[in-house]
Amino acid sequence: MKNIFEAPFIKEMCEVTANMYCLGWDERNGGNISVMLDEKEVGEYLDINDVIRTIPTGFDAKELIGKIFIVTGTGKYFKNVAKDPENNLGIIRIAEDGTTAELLWGYSDGGKFTSELPAHLMSHTVRLAINPENRVVMHCHPDYTLAMTQVCEVDERKLTRILWKQMTESIVVFPDGVGMLPWMVCGTNDIGIATAEKMKQYRLVVWTLHGIYGAGKDLDETFGLIETVEKAAKMYMLTAHLPAVNTIEDKDLKALAEAFGVDYRKDFLDL
Ligand code: 13P
Ligand code: ZN
């Protein structure tokens, strides 16, 4: 058996959580990440028949039965993941009943997966149906994205248009736009269902006065999506109170999307 602390999936989780903490996106226990792992790869580091304990999830994830995920722990600080991955992370498998998680490794102080597991697993299910390559769901609390939700209506067309117009890269990186939910109680099945519903159209979903969700094929892609939204939101919050002299027009957005060959939300442009 190989040393699990050397496993790429552990190292990547340590790196990305440290990075997100340094960016200020994950104060205290803010944020959570889940990554679907390859059973064969996990089997090189763990006896996958050895279940440490079982934990009820509180919802049915029948489409994910048998799938293995590495998931950040509830109440755990991103700041501390790299120092003690075995306590702050866990590797779980969705059991045959669809409603139980089998702990294969981690949560060593008796803890459990993030309180946002419903939003994560429901989003995985939806995104996998759209793109079988999807592996990652990431949630965090980036400053400017959060600030924007204080001053922008809960209207994903309006939000997306603002973000697209802040900088040239936006429409190229997230041509499918950004979904937006009104304020809701977090950590519930309801917000999970609402998030997953948005994930049918978007890889990014903003939670008003809370944060953002991203989904992608790997940690880099998912991080990059959130990073680009946050940069655009920053540009908006830095300049919204000033007279705009130069702007990207709708016809420019169309030209950009066409030049980069991306399939964009045409109904989000006024042309
Ligand atoms: P957890 O500590 O349960 O992951 O919750 C953090 C969070 O960001 C809730 O939305
Ligand atoms: Zn949160």
# chains A, B, ... in the order shown; residues from 1 in each chain; ligands from 1

call {"tool": "residues_near_ligand", "arguments": {"ligand": "ligand 1", "cutoff": "7 Å", "atoms": "only C-alpha atoms and all ligand atoms", "output": "PyMOL selection string"}}
result
chain A and resi 29-32+72-76+114-116+139-140+186-187

call {"tool": "write_last_selection", "arguments": {"atoms": "C-alpha atoms", "output": "PDB file, in the first residue's frame"}}
result
ATOM      1  CA  ASN A  29     -14.540  27.225   8.622  1.00  0.00           C
ATOM      2  CA  GLY A  30     -15.956  28.983   5.542  1.00  0.00           C
ATOM      3  CA  GLY A  31     -16.038  27.006   2.331  1.00  0.00           C
ATOM      4  CA  ASN A  32     -16.035  23.347   1.417  1.00  0.00           C
ATOM      5  CA  THR A  72     -13.645  18.807   3.604  1.00  0.00           C
ATOM      6  CA  GLY A  73     -14.923  18.358   7.155  1.00  0.00           C
ATOM      7  CA  THR A  74     -17.653  20.430   8.743  1.00  0.00           C
ATOM      8  CA  GLY A  75     -16.398  23.136  11.094  1.00  0.00           C
ATOM      9  CA  LYS A  76     -12.842  22.638   9.849  1.00  0.00           C
ATOM     10  CA  THR A 114     -19.303  19.471   5.377  1.00  0.00           C
ATOM     11  CA  SER A 115     -22.797  20.598   6.317  1.00  0.00           C
ATOM     12  CA  GLU A 116     -23.156  21.535   2.641  1.00  0.00           C
ATOM     13  CA  HIS A 139     -17.821  26.485  -2.364  1.00  0.00           C
ATOM     14  CA  CYS A 140     -16.236  29.585  -0.825  1.00  0.00           C
ATOM     15  CA  CYS A 186     -27.447  27.259   4.229  1.00  0.00           C
ATOM     16  CA  GLY A 187     -26.555  23.640   5.000  1.00  0.00           C
TER      17      GLY A 187
END

call {"tool": "closest_atom_pairs", "arguments": {"of": "region 112-224 of chain A", "to": "region 54-64 of chain A", "cutoff": "12 Å", "atoms": "only C-alpha atoms", "output": "CSV"}}
result
residue,atom,partner,partner_atom,distance
A:Lys112,CA,A:Ile55,CA,7.6
A:Phe113,CA,A:Ile55,CA,9.0
A:Thr114,CA,A:Thr57,CA,10.3
A:Ser115,CA,A:Thr57,CA,9.4
A:Glu116,CA,A:Thr57,CA,10.3
A:Leu117,CA,A:Thr57,CA,7.7
A:Pro118,CA,A:Phe59,CA,7.1
A:Ala119,CA,A:Phe59,CA,10.7
A:His120,CA,A:Ala61,CA,10.6
A:Leu121,CA,A:Ala61,CA,6.9
A:Met122,CA,A:Ala61,CA,7.2
A:Ser123,CA,A:Ala61,CA,10.6
A:His124,CA,A:Leu64,CA,8.5
A:Thr125,CA,A:Glu63,CA,6.6
A:Val126,CA,A:Glu63,CA,9.6
A:Arg127,CA,A:Glu63,CA,11.8
A:Leu128,CA,A:Glu63,CA,9.8
A:Ala129,CA,A:Glu63,CA,9.8
A:Gly187,CA,A:Gly58,CA,11.3
A:Thr188,CA,A:Gly58,CA,9.5
A:Asn189,CA,A:Phe59,CA,7.3
A:Asp190,CA,A:Phe59,CA,10.6
A:Gly192,CA,A:Phe59,CA,10.1
A:Ile193,CA,A:Phe59,CA,10.5

call {"tool": "closest_residue", "arguments": {"among": "A:Glu156, A:Asp84, A:Asp38, A:Glu27", "to": "Pro8 (chain A)", "atoms": "only C-alpha atoms"}}
result
A:Asp38

call {"tool": "closest_residue", "arguments": {"among": "A:Asp176, A:Glu39, A:Asp26, A:Glu6", "to": "ligand 2", "atoms": "only C-alpha atoms and all ligand atoms"}}
result
A:Asp26

call {"tool": "closest_residue", "arguments": {"among": "A:Asp250, A:Leu256, A:Leu146, A:Gln201", "to": "Leu271 (chain A)", "atoms": "only C-alpha atoms"}}
result
A:Asp250

call {"tool": "atom_distance", "arguments": {"atom1": "CA of Ala215 (chain A)", "atom2": "CA of Lys198 (chain A)"}}
result
11.5 Å

call {"tool": "residues_around", "arguments": {"residues": "Val172 (chain A)", "least_positions_apart": "2", "cutoff": "8 Å", "atoms": "only C-alpha atoms", "output": "JSON, numbers by chain"}}
result
{"A": [168, 169, 170, 174, 175, 256, 257, 260, 262]}

call {"tool": "closest_residue", "arguments": {"among": "A:Glu15, A:Glu249, A:Asp143, A:Asp155", "to": "Val229 (chain A)", "atoms": "only C-alpha atoms"}}
result
A:Asp143

call {"tool": "select_by_dssp", "arguments": {"residues": "region 105-219 of chain A", "states": "strand (DSSP E or B)", "output": "number ranges by chain"}}
result
A: 105-106, 113, 136-140, 179-181, 204-207, 211-216

call {"tool": "write_last_selection", "arguments": {"atoms": "C-alpha atoms", "output": "tab-separated table (two decimals), in the first residue's frame"}}
result
chain	number	residue	atom	x	y	z
A	105	TRP	CA	-10.27	7.60	5.76
A	106	GLY	CA	-10.05	10.88	7.68
A	113	PHE	CA	-18.27	15.88	6.08
A	136	VAL	CA	-15.21	18.85	-8.45
A	137	VAL	CA	-17.69	20.99	-6.56
A	138	MET	CA	-16.21	23.94	-4.67
A	139	HIS	CA	-17.82	26.49	-2.36
A	140	CYS	CA	-16.24	29.59	-0.82
A	179	GLY	CA	-26.64	31.47	-11.72
A	180	MET	CA	-27.90	33.28	-8.64
A	181	LEU	CA	-30.01	32.20	-5.70
A	204	LEU	CA	-21.22	28.77	-11.25
A	205	VAL	CA	-23.96	29.64	-8.76
A	206	VAL	CA	-23.85	32.67	-6.48
A	207	TRP	CA	-25.57	32.47	-3.11
A	211	GLY	CA	-20.74	32.98	-1.41
A	212	ILE	CA	-20.34	31.02	-4.60
A	213	TYR	CA	-20.38	27.44	-5.91
A	214	GLY	CA	-18.33	26.23	-8.83
A	215	ALA	CA	-18.20	22.89	-10.62
A	216	GLY	CA	-15.58	21.54	-12.99

call {"tool": "atom_distance", "arguments": {"atom1": "CA of Lys67 (chain A)", "atom2": "CA of Asp47 (chain A)"}}
result
15.1 Å

call {"tool": "atom_distance", "arguments": {"atom1": "CA of Arg135 (chain A)", "atom2": "CA of Asn19 (chain A)"}}
result
19.4 Å

call {"tool": "select_by_dssp", "arguments": {"residues": "region 37-257 of chain A", "states": "alpha helix (DSSP H)", "output": "PyMOL selection string"}}
result
chain A and resi 39-43+78-81+85-88+117-130+143-151+156-166+169-173+189-199+219-239+250-257
